[in-house]
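Text of target39.cif, listed as mmCIF, C-alpha atoms:
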data_query
loop_
_atom_site.label_atom_id
_atom_site.label_comp_id
_atom_site.auth_asym_id
_atom_site.auth_seq_id
_atom_site.Cartn_x
_atom_site.Cartn_y
_atom_site.Cartn_z
CA MET A 3 -37.37 100.79 -47.06
CA ALA A 4 -39.15 99.21 -44.08
CA GLU A 5 -36.87 97.35 -41.71
CA GLY A 6 -37.24 94.06 -39.85
CA LYS A 7 -36.26 93.38 -36.25
CA LYS A 8 -32.61 92.90 -37.18
CA GLY A 9 -32.41 96.01 -39.35
CA LYS A 10 -32.82 94.13 -42.62
CA ALA A 11 -34.43 96.35 -45.25
CA PHE A 12 -37.51 95.13 -47.11
CA LYS A 13 -38.89 96.50 -50.34
CA ARG A 14 -42.12 98.43 -49.92
CA MET A 15 -44.97 97.31 -52.16
CA LYS A 16 -47.72 99.81 -52.95
CA THR A 17 -51.43 99.13 -52.59
CA SER A 18 -54.38 100.90 -54.16
CA TYR A 19 -54.75 102.95 -50.96
CA PRO A 20 -52.49 106.01 -50.44
CA GLY A 21 -50.35 105.68 -47.33
CA VAL A 22 -50.83 101.91 -47.17
CA PHE A 23 -48.06 99.55 -48.23
CA TYR A 24 -46.80 96.09 -47.42
CA ILE A 25 -43.60 94.10 -47.32
CA GLU A 26 -43.06 90.44 -48.07
CA GLY A 27 -42.37 88.89 -44.70
CA THR A 28 -42.35 85.36 -43.33
CA SER A 29 -45.08 83.72 -41.28
CA LEU A 30 -43.84 82.90 -37.79
CA ALA A 31 -46.21 79.91 -37.70
CA THR A 32 -45.61 78.22 -41.06
CA GLY A 33 -42.40 79.81 -42.36
CA LYS A 34 -44.19 80.65 -45.63
CA PRO A 35 -44.22 84.12 -47.24
CA GLU A 36 -46.95 86.53 -46.16
CA LYS A 37 -47.78 90.21 -46.49
CA ILE A 38 -47.17 92.55 -43.53
CA PHE A 39 -49.12 95.80 -43.90
CA TYR A 40 -47.94 99.25 -42.77
CA ILE A 41 -49.55 102.70 -42.76
CA ARG A 42 -48.00 106.17 -43.10
CA TYR A 43 -49.72 109.41 -42.13
CA ARG A 44 -48.91 112.90 -40.95
CA LYS A 45 -50.16 114.12 -37.58
CA ALA A 46 -49.28 117.45 -35.94
CA GLY A 47 -46.72 118.03 -38.67
CA LYS A 48 -44.93 114.78 -37.91
CA MET A 49 -44.74 111.78 -40.26
CA ILE A 50 -45.73 108.57 -38.50
CA GLU A 51 -45.24 105.05 -39.81
CA GLU A 52 -46.53 101.98 -38.01
CA LYS A 53 -47.37 98.35 -38.56
CA ALA A 54 -51.07 97.66 -39.19
CA GLY A 55 -50.97 93.86 -39.08
CA ARG A 56 -50.18 90.62 -40.87
CA GLN A 57 -52.08 88.93 -43.66
CA SER A 58 -52.43 85.84 -41.46
CA GLN A 59 -54.21 88.05 -38.89
CA ASP A 60 -56.84 88.87 -41.53
CA MET A 61 -55.30 92.26 -42.25
CA THR A 62 -56.11 93.63 -45.72
CA PRO A 63 -55.29 96.89 -47.54
CA ALA A 64 -58.87 98.07 -46.89
CA ARG A 65 -58.68 97.39 -43.16
CA ALA A 66 -55.25 99.04 -42.96
CA ASN A 67 -56.67 102.09 -44.76
CA GLN A 68 -59.51 102.26 -42.23
CA ILE A 69 -57.00 102.19 -39.36
CA ARG A 70 -55.03 104.95 -41.07
CA ALA A 71 -58.17 107.10 -41.41
CA GLU A 72 -58.99 106.63 -37.72
CA ARG A 73 -55.45 107.67 -36.77
CA ILE A 74 -55.63 110.83 -38.88
CA GLN A 75 -59.06 111.76 -37.52
CA GLY A 76 -57.90 111.16 -33.97
CA LYS A 77 -60.47 108.42 -33.38
CA SER A 78 -57.76 105.99 -32.29
CA PRO A 79 -54.19 106.61 -31.05
CA SER A 80 -51.11 105.18 -32.69
CA ARG A 81 -49.53 102.19 -31.00
CA LYS A 82 -46.72 104.42 -29.73
CA GLU A 83 -49.20 106.90 -28.25
CA ALA A 84 -51.10 104.03 -26.65
CA ARG A 85 -47.95 102.79 -24.96
CA GLU A 86 -46.95 106.29 -23.80
CA THR A 87 -50.32 106.85 -22.15
CA ALA A 88 -50.72 103.30 -20.83
CA ALA A 89 -50.82 104.51 -17.23
CA GLU A 90 -53.83 106.72 -18.03
CA ILE A 91 -55.73 104.09 -19.98
CA LYS A 92 -58.41 101.93 -18.50
CA TRP A 93 -57.06 98.53 -19.52
CA THR A 94 -60.17 96.44 -19.87
CA VAL A 95 -60.04 92.89 -21.16
CA ASP A 96 -61.29 94.16 -24.53
CA ARG A 97 -58.57 96.80 -24.79
CA LEU A 98 -55.98 94.22 -23.80
CA TRP A 99 -57.34 91.94 -26.51
CA GLN A 100 -56.88 94.67 -29.14
CA GLU A 101 -53.26 95.19 -28.09
CA TYR A 102 -52.73 91.42 -27.85
CA VAL A 103 -53.92 91.07 -31.45
CA HIS A 104 -51.31 93.54 -32.71
CA ASP A 105 -48.47 92.04 -30.69
CA LYS A 106 -49.26 88.35 -31.09
CA PRO A 107 -47.32 86.49 -33.81
CA ALA A 108 -49.42 84.91 -36.53
CA THR A 109 -50.28 81.34 -35.63
CA LYS A 110 -52.50 78.60 -37.00
CA GLY A 111 -55.04 79.18 -34.24
CA TRP A 112 -55.35 82.95 -34.77
CA SER A 113 -58.76 82.85 -36.52
CA THR A 114 -60.09 80.43 -33.91
CA ASP A 115 -58.94 82.68 -31.05
CA ARG A 116 -60.59 85.71 -32.61
CA TYR A 117 -63.86 83.83 -33.11
CA ARG A 118 -63.84 82.52 -29.54
CA TYR A 119 -63.11 85.91 -28.04
CA GLU A 120 -65.76 87.77 -30.05
CA LYS A 121 -68.45 85.14 -29.51
CA TYR A 122 -67.90 83.98 -25.93
CA LEU A 123 -65.65 86.32 -23.92
CA LYS A 124 -66.23 89.89 -25.09
CA ALA A 125 -69.84 90.26 -23.94
CA SER A 126 -69.30 88.87 -20.45
CA LEU A 127 -65.85 90.18 -19.45
CA GLY A 128 -64.77 92.58 -22.20
CA ASN A 129 -65.61 95.74 -20.24
CA LYS A 130 -63.95 94.59 -17.01
CA GLU A 131 -60.43 95.40 -15.90
CA PRO A 132 -58.46 92.34 -14.73
CA HIS A 133 -58.08 93.63 -11.17
CA SER A 134 -61.88 93.96 -10.89
CA ILE A 135 -62.55 90.37 -12.02
CA VAL A 136 -63.34 88.09 -9.10
CA GLN A 137 -63.36 84.32 -8.99
CA MET A 138 -67.17 84.23 -9.09
CA ASP A 139 -67.13 86.07 -12.46
CA VAL A 140 -65.03 83.33 -14.04
CA HIS A 141 -67.06 80.64 -12.26
CA ARG A 142 -70.30 81.99 -13.75
CA LEU A 143 -68.67 82.21 -17.16
CA ARG A 144 -67.52 78.60 -16.94
CA ILE A 145 -70.98 77.40 -15.89
CA ASN A 146 -72.73 79.31 -18.70
CA LEU A 147 -70.30 78.08 -21.33
CA SER A 148 -70.61 74.49 -20.12
CA LYS A 149 -74.33 74.53 -20.89
CA THR A 150 -73.72 74.55 -24.65
CA LEU A 151 -70.02 73.77 -25.20
CA ALA A 152 -67.84 70.72 -24.70
CA PRO A 153 -65.45 70.75 -21.71
CA GLN A 154 -62.43 70.94 -24.03
CA THR A 155 -63.83 74.04 -25.75
CA VAL A 156 -64.55 75.68 -22.39
CA LYS A 157 -60.98 74.94 -21.37
CA HIS A 158 -59.65 76.58 -24.55
CA LEU A 159 -61.76 79.70 -23.86
CA LEU A 160 -60.55 80.03 -20.27
CA ARG A 161 -56.96 79.57 -21.39
CA LEU A 162 -57.44 82.33 -23.97
CA LEU A 163 -58.73 84.63 -21.24
CA ALA A 164 -55.70 83.81 -19.09
CA ARG A 165 -53.32 84.48 -22.01
CA ILE A 166 -54.85 87.89 -22.69
CA ILE A 167 -54.55 88.98 -19.05
CA ASN A 168 -51.05 87.53 -18.67
CA PHE A 169 -50.06 89.45 -21.80
CA GLY A 170 -51.17 92.70 -20.13
CA LEU A 171 -49.28 91.78 -16.97
CA LYS A 172 -46.04 91.05 -18.85
CA LYS A 173 -46.29 94.31 -20.80
CA GLY A 174 -46.85 96.28 -17.59
CA LEU A 175 -50.29 97.41 -18.73
CA CYS A 176 -52.30 96.01 -15.84
CA PRO A 177 -52.08 93.83 -12.74
CA GLY A 178 -52.91 90.18 -13.09
CA LEU A 179 -55.79 88.22 -11.60
CA LYS A 180 -55.79 87.69 -7.85
CA PHE A 181 -56.65 84.01 -8.27
CA LYS A 182 -55.87 81.04 -10.50
CA ILE A 183 -58.47 80.18 -13.12
CA GLU A 184 -59.89 76.72 -12.46
CA MET A 185 -60.00 74.65 -15.62
CA PRO A 186 -62.75 72.07 -16.26
CA ARG A 187 -61.78 68.43 -16.24
CA VAL A 188 -61.59 67.01 -19.73
CA ASN A 189 -61.89 63.37 -20.68
CA ASN A 190 -59.64 63.06 -23.72
CA LEU A 191 -60.13 59.32 -23.92
CA ARG A 192 -63.46 59.53 -25.70
CA THR A 193 -63.57 57.06 -28.54
CA GLU A 194 -66.19 55.80 -30.93
CA ASP A 195 -66.60 52.07 -31.41
CA LEU A 196 -68.18 50.31 -34.36
CA SER A 197 -69.86 46.93 -34.16
CA VAL A 198 -69.57 44.54 -37.07
CA GLU A 199 -73.13 45.42 -38.15
CA GLN A 200 -72.43 49.16 -37.91
CA LEU A 201 -69.23 48.83 -39.92
CA THR A 202 -71.08 46.84 -42.59
CA ASP A 203 -73.80 49.50 -42.84
CA LEU A 204 -71.20 52.28 -42.96
CA LEU A 205 -69.18 50.62 -45.74
CA LYS A 206 -72.39 50.09 -47.70
CA ALA A 207 -73.31 53.79 -47.31
CA ILE A 208 -69.81 54.80 -48.42
CA ASP A 209 -70.01 52.57 -51.51
CA GLN A 210 -73.38 54.10 -52.43
CA GLU A 211 -72.17 57.69 -51.98
CA PRO A 212 -72.01 59.57 -55.33
CA ASP A 213 -69.55 62.16 -53.95
CA VAL A 214 -66.21 60.48 -54.66
CA GLN A 215 -64.26 63.01 -52.59
CA ALA A 216 -66.35 62.37 -49.47
CA ALA A 217 -66.37 58.59 -49.94
CA ASN A 218 -62.62 58.32 -50.52
CA PHE A 219 -61.93 60.70 -47.65
CA MET A 220 -63.59 58.21 -45.31
CA ARG A 221 -61.98 55.18 -46.95
CA LEU A 222 -58.51 56.69 -46.52
CA ALA A 223 -59.17 57.44 -42.85
CA LEU A 224 -60.36 53.86 -42.36
CA CYS A 225 -57.39 52.12 -43.97
CA THR A 226 -54.61 54.43 -42.68
CA GLY A 227 -55.90 55.84 -39.37
CA MET A 228 -54.93 59.35 -40.52
CA ARG A 229 -56.38 62.38 -38.74
CA ARG A 230 -58.66 64.64 -40.74
CA GLY A 231 -56.14 67.51 -40.55
CA GLU A 232 -53.47 65.23 -41.98
CA ILE A 233 -55.77 64.33 -44.88
CA PHE A 234 -56.49 68.04 -45.42
CA LYS A 235 -52.75 68.67 -45.90
CA LEU A 236 -52.05 65.56 -47.99
CA GLN A 237 -50.57 66.45 -51.38
CA TRP A 238 -49.81 64.21 -54.32
CA GLN A 239 -46.11 64.82 -53.80
CA ASP A 240 -46.52 63.22 -50.36
CA VAL A 241 -47.65 59.92 -51.91
CA ASP A 242 -44.68 57.71 -52.76
CA PHE A 243 -46.09 54.96 -54.97
CA GLU A 244 -42.61 53.70 -55.79
CA ARG A 245 -41.61 52.94 -52.19
CA ASN A 246 -45.15 52.65 -50.78
CA PHE A 247 -45.01 55.45 -48.22
CA LEU A 248 -47.17 58.40 -47.21
CA HIS A 249 -45.53 61.59 -45.94
CA ILE A 250 -47.60 63.21 -43.17
CA ARG A 251 -47.13 66.98 -42.96
CA GLN A 252 -47.17 68.74 -39.59
CA PRO A 253 -49.13 66.08 -37.69
CA LYS A 254 -50.68 66.84 -34.34
CA GLY A 255 -47.71 65.16 -32.69
CA GLY A 256 -45.30 67.75 -34.12
CA LYS A 257 -42.60 66.71 -36.62
CA ASP A 258 -43.39 65.35 -40.08
CA VAL A 259 -43.59 61.57 -40.22
CA THR A 260 -43.72 58.84 -42.84
CA ILE A 261 -46.08 55.87 -42.67
CA PRO A 262 -46.34 52.78 -44.92
CA LEU A 263 -48.82 52.92 -47.80
CA ASN A 264 -50.78 49.67 -47.49
CA GLN A 265 -52.33 47.97 -50.50
CA MET A 266 -55.86 49.21 -49.84
CA ALA A 267 -54.71 52.82 -49.51
CA ARG A 268 -52.53 52.47 -52.60
CA GLU A 269 -55.37 51.20 -54.78
CA LEU A 270 -57.64 53.92 -53.42
CA LEU A 271 -55.20 56.73 -54.24
CA GLU A 272 -54.30 55.29 -57.65
CA SER A 273 -57.96 55.42 -58.68
CA HIS A 274 -58.74 58.73 -56.95
CA PRO A 275 -59.54 61.57 -59.41
CA ARG A 276 -56.89 64.27 -59.78
CA SER A 277 -57.25 67.97 -60.50
CA ASP A 278 -54.84 70.85 -61.09
CA SER A 279 -54.57 71.25 -57.33
CA PRO A 280 -51.53 69.81 -55.55
CA HIS A 281 -53.87 68.54 -52.80
CA VAL A 282 -55.33 65.05 -52.92
CA PHE A 283 -58.61 66.34 -51.44
CA PRO A 284 -58.65 70.01 -52.52
CA GLY A 285 -60.91 72.67 -51.08
CA ARG A 286 -62.25 75.76 -52.80
CA ALA A 287 -60.17 77.03 -55.71
CA GLY A 288 -57.86 74.04 -55.24
CA LYS A 289 -56.54 75.31 -51.90
CA GLN A 290 -56.07 73.27 -48.74
CA ARG A 291 -59.29 72.24 -47.05
CA THR A 292 -60.27 73.68 -43.70
CA ARG A 293 -63.19 71.32 -43.07
CA TYR A 294 -64.19 67.88 -44.24
CA PRO A 295 -66.81 67.37 -47.01
CA LYS A 296 -70.38 67.96 -45.80
CA ARG A 297 -71.51 64.68 -47.34
CA ILE A 298 -69.53 62.75 -44.72
CA ASP A 299 -72.17 63.55 -42.09
CA ALA A 300 -74.85 62.46 -44.56
CA ILE A 301 -73.02 59.14 -45.01
CA ARG A 302 -72.95 58.67 -41.24
CA ASP A 303 -76.69 59.36 -40.99
CA LYS A 304 -77.51 57.03 -43.88
CA ALA A 305 -75.58 54.25 -42.13
CA GLY A 306 -77.78 54.75 -39.07
CA LEU A 307 -74.92 55.72 -36.75
CA PRO A 308 -75.61 57.95 -33.71
CA PRO A 309 -75.60 61.75 -34.37
CA ASP A 310 -72.71 62.24 -31.92
CA PHE A 311 -70.51 59.72 -33.75
CA ARG A 312 -67.53 61.64 -35.14
CA PRO A 313 -67.02 59.90 -38.48
CA LEU A 314 -63.32 60.48 -39.08
CA HIS A 315 -62.27 60.09 -35.45
CA GLY A 316 -64.36 56.95 -35.26
CA LEU A 317 -62.68 55.43 -38.32
CA ARG A 318 -59.25 56.26 -36.92
CA HIS A 319 -60.22 54.61 -33.63
CA PHE A 320 -61.51 51.54 -35.47
CA PHE A 321 -58.22 51.29 -37.40
CA ALA A 322 -56.24 51.39 -34.14
CA SER A 323 -58.57 49.01 -32.31
CA GLN A 324 -58.33 46.36 -35.02
CA LEU A 325 -54.53 46.43 -34.97
CA ALA A 326 -54.34 46.36 -31.17
CA SER A 327 -56.87 43.55 -30.78
CA SER A 328 -55.07 41.40 -33.36
CA GLY A 329 -52.30 40.83 -30.82
CA GLU A 330 -49.78 41.05 -33.66
CA VAL A 331 -48.89 44.73 -33.31
CA ASN A 332 -47.02 46.06 -30.27
CA MET A 333 -47.83 49.42 -28.74
CA HIS A 334 -44.65 51.10 -30.01
CA VAL A 335 -45.46 50.23 -33.62
CA LEU A 336 -49.07 51.36 -33.15
CA GLN A 337 -47.83 54.63 -31.68
CA GLN A 338 -45.74 55.27 -34.81
CA LEU A 339 -48.61 54.43 -37.16
CA LEU A 340 -51.01 56.73 -35.34
CA GLY A 341 -48.48 59.55 -35.02
CA HIS A 342 -48.94 59.81 -31.26
CA LYS A 343 -46.45 62.12 -29.58
CA SER A 344 -46.27 60.02 -26.42
CA ALA A 345 -46.86 56.39 -25.50
CA SER A 346 -49.55 57.43 -23.01
CA MET A 347 -51.80 58.44 -25.89
CA THR A 348 -51.57 54.95 -27.37
CA ALA A 349 -52.04 53.27 -24.00
CA ARG A 350 -55.84 53.51 -24.34
CA TYR A 351 -55.59 50.59 -26.78
CA SER A 352 -53.35 48.42 -24.60
CA HIS A 353 -56.31 46.61 -23.02
CA LEU A 354 -57.29 45.32 -26.47
CA ARG A 355 -53.78 43.98 -27.03
CA ASP A 356 -53.77 42.39 -23.57
CA GLN A 357 -57.14 40.82 -24.23
CA ALA A 358 -55.90 39.26 -27.48
CA LEU A 359 -52.80 37.90 -25.75
CA ARG A 360 -54.92 36.55 -22.90
CA GLN A 361 -57.20 34.74 -25.36
CA ALA A 362 -54.18 33.27 -27.13
CA SER A 363 -52.71 32.14 -23.81
CA ASN A 364 -56.01 30.58 -22.74
CA LEU A 365 -56.24 28.75 -26.06
CA ALA A 366 -52.76 27.32 -25.58
CA GLY A 367 -53.71 26.20 -22.08
CA ASP A 368 -56.87 24.48 -23.33
CA LEU A 369 -54.95 22.64 -26.04
CA LEU A 370 -52.31 21.41 -23.58
CA ASN A 371 -54.97 20.40 -21.07
CA GLN A 372 -56.74 18.29 -23.72
CA ALA A 373 -53.48 16.63 -24.68
CA MET A 374 -52.61 15.82 -21.08
CA ASN A 375 -56.04 14.28 -20.51
CA GLY A 376 -55.72 12.05 -23.53
CA ASN A 377 -58.16 14.01 -25.70
CA GLN A 378 -57.33 14.62 -29.31
CA ALA A 379 -55.97 18.08 -29.77
CA LYS A 380 -54.34 19.78 -32.71
CA ILE A 381 -50.76 20.45 -31.58
CA VAL A 382 -48.41 22.41 -33.81
CA ASN A 383 -44.65 21.98 -33.38
CA LEU A 384 -42.08 24.71 -33.93
CA LYS A 385 -41.68 23.73 -37.57
CA GLY A 386 -45.36 24.31 -38.21
CA GLU A 387 -46.14 20.60 -38.66
CA GLU A 388 -49.16 19.01 -37.02
#
Output the structure of this file as structure tokens.
Amino acid sequence: MAEGKKGKAFKRMKTSYPGVFYIEGTSLATGKPEKIFYIRYRKAGKMIEEKAGRQSQDMTPARANQIRAERIQGKSPSRKEARETAAEIKWTVDRLWQEYVHDKPATKGWSTDRYRYEKYLKASLGNKEPHSIVQMDVHRLRINLSKTLAPQTVKHLLRLLARIINFGLKKGLCPGLKFKIEMPRVNNLRTEDLSVEQLTDLLKAIDQEPDVQAANFMRLALCTGMRRGEIFKLQWQDVDFERNFLHIRQPKGGKDVTIPLNQMARELLESHPRSDSPHVFPGRAGKQRTRYPKRIDAIRDKAGLPPDFRPLHGLRHFFASQLASSGEVNMHVLQQLLGHKSASMTARYSHLRDQALRQASNLAGDLLNQAMNGNQAKIVNLKGEE
């Protein structure tokens, strides 16, 4: 039996590869069951057993078998051997990354981190040891990345680099950097506005779209202000038609929340086609989507909107703007509807609320001024009578 951190025994499950097995563990990111692969091999007359990796880290029986073969052939040391000879190893950023991968708990952003490292960091800094990296190296990297990537993406990449090196420092594998990595300034207040004409053209393009999934995806974002990730996760069990509520799973703000199901959203979901999948907008094989339907960009283009207009973010912004500018919704309520973690995130819409209140105040002043000057003005008393 393989054992967990607390000595709890787990049943070993065989694979089609000799010396490769797995146990049913629990994802540290989602709490759901996942496979954790192990390898067993004999080296120098001694039986060695070690963890190969988690299913959420893209580990498979075939990859585990490849690692096992490399261990037996002496092409790569076991994790224990690597730790024992750490002082003799040249701990480059790439070697630190490989160790970081094995040690790092499975998280939602694991695949993204791997893609970012392989594509943007490995070629430029992978062969360098942290103590040999100077500030100019990181400065050049930041400048080169900024030529093709958004500031927020560059910031994520630099933070990943810092995490890898800090991991090596904490494990005693290498010294840290001799300087603090300067992060690019990011403007997170970017929003997309829609004029009345643009909204009309967009709604027309949505109505003419033959792909029901893509069209309804956009309609739901427009009438609820939900984020695309929240729509990805939306399941039919989250739709409470009886009490008119939507349950939002793991929103960006953190804890699950519940928002009212307005009439437009209700009618949309009642008429939306269902499949055997538990998801309202299923992806391949009925599983949860990882990206929005491709036709959404085609709808945006057909409506004549700018290429840099982010359709779903733009619809969420329009939803929030309309509520704020009505003057009838306070910022706390808007914060709850949008699922913002802090009030500062909702504050970007406060000027619209203030503008609506200012217009209402000016209207009241005009009406009173007309009445005081003897002009006919429509005055409404507290009972609503003219």
*Residues near Glu52 of chain A, cut-off 7 Å, all atoms listed in the file, skip fewer than 4 positions along chain, as a list in words*: Tyr40, Ile41 and Arg42 of chain A
*asked:* Using only C-alpha atoms, which protein or nucleic acid residues come within 12 Å of segment 162-178 of chain A? Drop anything in the same chain fewer than 4 positions from it, and give the result as JSON, numbers by chain.
replied: {"A": [84, 85, 86, 87, 88, 89, 90, 91, 92, 93, 94, 95, 96, 97, 98, 99, 100, 101, 102, 103, 104, 105, 106, 111, 112, 114, 115, 116, 117, 118, 119, 120, 122, 123, 124, 126, 127, 128, 130, 131, 132, 133, 134, 135, 136, 140, 143, 144, 155, 156, 157, 158, 182, 183, 184, 185]}
File dump, residues just selected, C-alpha atoms, as a PDB file, in the frame of the given file:
ATOM      1  CA  ALA A  84     -51.100 104.030 -26.650  1.00  0.00           C
ATOM      2  CA  ARG A  85     -47.950 102.790 -24.960  1.00  0.00           C
ATOM      3  CA  GLU A  86     -46.950 106.290 -23.800  1.00  0.00           C
ATOM      4  CA  THR A  87     -50.320 106.850 -22.150  1.00  0.00           C
ATOM      5  CA  ALA A  88     -50.720 103.300 -20.830  1.00  0.00           C
ATOM      6  CA  ALA A  89     -50.820 104.510 -17.230  1.00  0.00           C
ATOM      7  CA  GLU A  90     -53.830 106.720 -18.030  1.00  0.00           C
ATOM      8  CA  ILE A  91     -55.730 104.090 -19.980  1.00  0.00           C
ATOM      9  CA  LYS A  92     -58.410 101.930 -18.500  1.00  0.00           C
ATOM     10  CA  TRP A  93     -57.060  98.530 -19.520  1.00  0.00           C
ATOM     11  CA  THR A  94     -60.170  96.440 -19.870  1.00  0.00           C
ATOM     12  CA  VAL A  95     -60.040  92.890 -21.160  1.00  0.00           C
ATOM     13  CA  ASP A  96     -61.290  94.160 -24.530  1.00  0.00           C
ATOM     14  CA  ARG A  97     -58.570  96.800 -24.790  1.00  0.00           C
ATOM     15  CA  LEU A  98     -55.980  94.220 -23.800  1.00  0.00           C
ATOM     16  CA  TRP A  99     -57.340  91.940 -26.510  1.00  0.00           C
ATOM     17  CA  GLN A 100     -56.880  94.670 -29.140  1.00  0.00           C
ATOM     18  CA  GLU A 101     -53.260  95.190 -28.090  1.00  0.00           C
ATOM     19  CA  TYR A 102     -52.730  91.420 -27.850  1.00  0.00           C
ATOM     20  CA  VAL A 103     -53.920  91.070 -31.450  1.00  0.00           C
ATOM     21  CA  HIS A 104     -51.310  93.540 -32.710  1.00  0.00           C
ATOM     22  CA  ASP A 105     -48.470  92.040 -30.690  1.00  0.00           C
ATOM     23  CA  LYS A 106     -49.260  88.350 -31.090  1.00  0.00           C
ATOM     24  CA  GLY A 111     -55.040  79.180 -34.240  1.00  0.00           C
ATOM     25  CA  TRP A 112     -55.350  82.950 -34.770  1.00  0.00           C
ATOM     26  CA  THR A 114     -60.090  80.430 -33.910  1.00  0.00           C
ATOM     27  CA  ASP A 115     -58.940  82.680 -31.050  1.00  0.00           C
ATOM     28  CA  ARG A 116     -60.590  85.710 -32.610  1.00  0.00           C
ATOM     29  CA  TYR A 117     -63.860  83.830 -33.110  1.00  0.00           C
ATOM     30  CA  ARG A 118     -63.840  82.520 -29.540  1.00  0.00           C
ATOM     31  CA  TYR A 119     -63.110  85.910 -28.040  1.00  0.00           C
ATOM     32  CA  GLU A 120     -65.760  87.770 -30.050  1.00  0.00           C
ATOM     33  CA  TYR A 122     -67.900  83.980 -25.930  1.00  0.00           C
ATOM     34  CA  LEU A 123     -65.650  86.320 -23.920  1.00  0.00           C
ATOM     35  CA  LYS A 124     -66.230  89.890 -25.090  1.00  0.00           C
ATOM     36  CA  SER A 126     -69.300  88.870 -20.450  1.00  0.00           C
ATOM     37  CA  LEU A 127     -65.850  90.180 -19.450  1.00  0.00           C
ATOM     38  CA  GLY A 128     -64.770  92.580 -22.200  1.00  0.00           C
ATOM     39  CA  LYS A 130     -63.950  94.590 -17.010  1.00  0.00           C
ATOM     40  CA  GLU A 131     -60.430  95.400 -15.900  1.00  0.00           C
ATOM     41  CA  PRO A 132     -58.460  92.340 -14.730  1.00  0.00           C
ATOM     42  CA  HIS A 133     -58.080  93.630 -11.170  1.00  0.00           C
ATOM     43  CA  SER A 134     -61.880  93.960 -10.890  1.00  0.00           C
ATOM     44  CA  ILE A 135     -62.550  90.370 -12.020  1.00  0.00           C
ATOM     45  CA  VAL A 136     -63.340  88.090  -9.100  1.00  0.00           C
ATOM     46  CA  VAL A 140     -65.030  83.330 -14.040  1.00  0.00           C
ATOM     47  CA  LEU A 143     -68.670  82.210 -17.160  1.00  0.00           C
ATOM     48  CA  ARG A 144     -67.520  78.600 -16.940  1.00  0.00           C
ATOM     49  CA  THR A 155     -63.830  74.040 -25.750  1.00  0.00           C
ATOM     50  CA  VAL A 156     -64.550  75.680 -22.390  1.00  0.00           C
ATOM     51  CA  LYS A 157     -60.980  74.940 -21.370  1.00  0.00           C
ATOM     52  CA  HIS A 158     -59.650  76.580 -24.550  1.00  0.00           C
ATOM     53  CA  LYS A 182     -55.870  81.040 -10.500  1.00  0.00           C
ATOM     54  CA  ILE A 183     -58.470  80.180 -13.120  1.00  0.00           C
ATOM     55  CA  GLU A 184     -59.890  76.720 -12.460  1.00  0.00           C
ATOM     56  CA  MET A 185     -60.000  74.650 -15.620  1.00  0.00           C
TER      57      MET A 185
END
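Atom CA of Phe320 of chain A lies 16.8 Å from atom CA of Ala217 of chain A.
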*Quick one: residues within 9 Å of segment 299-302 of chain A, all atoms listed in the file counted, chain neighbours fewer than 5 positions away excluded, as a PyMOL selection string?*
chain A and resi 204+207-208+210-211+216-217+307-309+311-313
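For the choices A:Cys225, A:Leu248, A:Leu270, A:Ile145, the atom-to-atom distance to His319 of chain A is smallest for A:Cys225 when using all atoms listed in the file.
In this comparison, which uses all atoms listed in the file, the residue of A:Glu272, A:Asp203, A:Asp258, A:Glu232 approaching Asn246 of chain A most closely is A:Glu272.
In this structure, atom CA of Gln290 of chain A sits 6.3 Å away from atom CA of Lys235 of chain A.
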*asked:* Can you spell out as a PyMOL selection string the set of residues that the PyMOL selection byres ((chain A and resi 276-281) around 12) selects in the structure I just provided?
replied: chain A and resi 214-215+232-241+271-275+282-291
Please save C-alpha atoms of the selected residues as a short mmCIF file (atom, residue, chain, number, x, y, z; two decimals), keeping the file's coordinate frame.
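File selection32.cif, as written:
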data_model
loop_
_atom_site.label_atom_id
_atom_site.label_comp_id
_atom_site.auth_asym_id
_atom_site.auth_seq_id
_atom_site.Cartn_x
_atom_site.Cartn_y
_atom_site.Cartn_z
CA VAL A 214 -66.21 60.48 -54.66
CA GLN A 215 -64.26 63.01 -52.59
CA GLU A 232 -53.47 65.23 -41.98
CA ILE A 233 -55.77 64.33 -44.88
CA PHE A 234 -56.49 68.04 -45.42
CA LYS A 235 -52.75 68.67 -45.90
CA LEU A 236 -52.05 65.56 -47.99
CA GLN A 237 -50.57 66.45 -51.38
CA TRP A 238 -49.81 64.21 -54.32
CA GLN A 239 -46.11 64.82 -53.80
CA ASP A 240 -46.52 63.22 -50.36
CA VAL A 241 -47.65 59.92 -51.91
CA LEU A 271 -55.20 56.73 -54.24
CA GLU A 272 -54.30 55.29 -57.65
CA SER A 273 -57.96 55.42 -58.68
CA HIS A 274 -58.74 58.73 -56.95
CA PRO A 275 -59.54 61.57 -59.41
CA VAL A 282 -55.33 65.05 -52.92
CA PHE A 283 -58.61 66.34 -51.44
CA PRO A 284 -58.65 70.01 -52.52
CA GLY A 285 -60.91 72.67 -51.08
CA ARG A 286 -62.25 75.76 -52.80
CA ALA A 287 -60.17 77.03 -55.71
CA GLY A 288 -57.86 74.04 -55.24
CA LYS A 289 -56.54 75.31 -51.90
CA GLN A 290 -56.07 73.27 -48.74
CA ARG A 291 -59.29 72.24 -47.05
#
*What residues come out when you apply the PyMOL selection byres ((chain A and resi 265) around 12) to this file, written as a ChimeraX atom specification?*
/A:222,225-226,243,245-247,262-264,266-272
_Interatomic distance, atom CA of Tyr24 of chain A to atom CA of Lys77 of chain A (Å, one decimal)_ = 23.2 Å
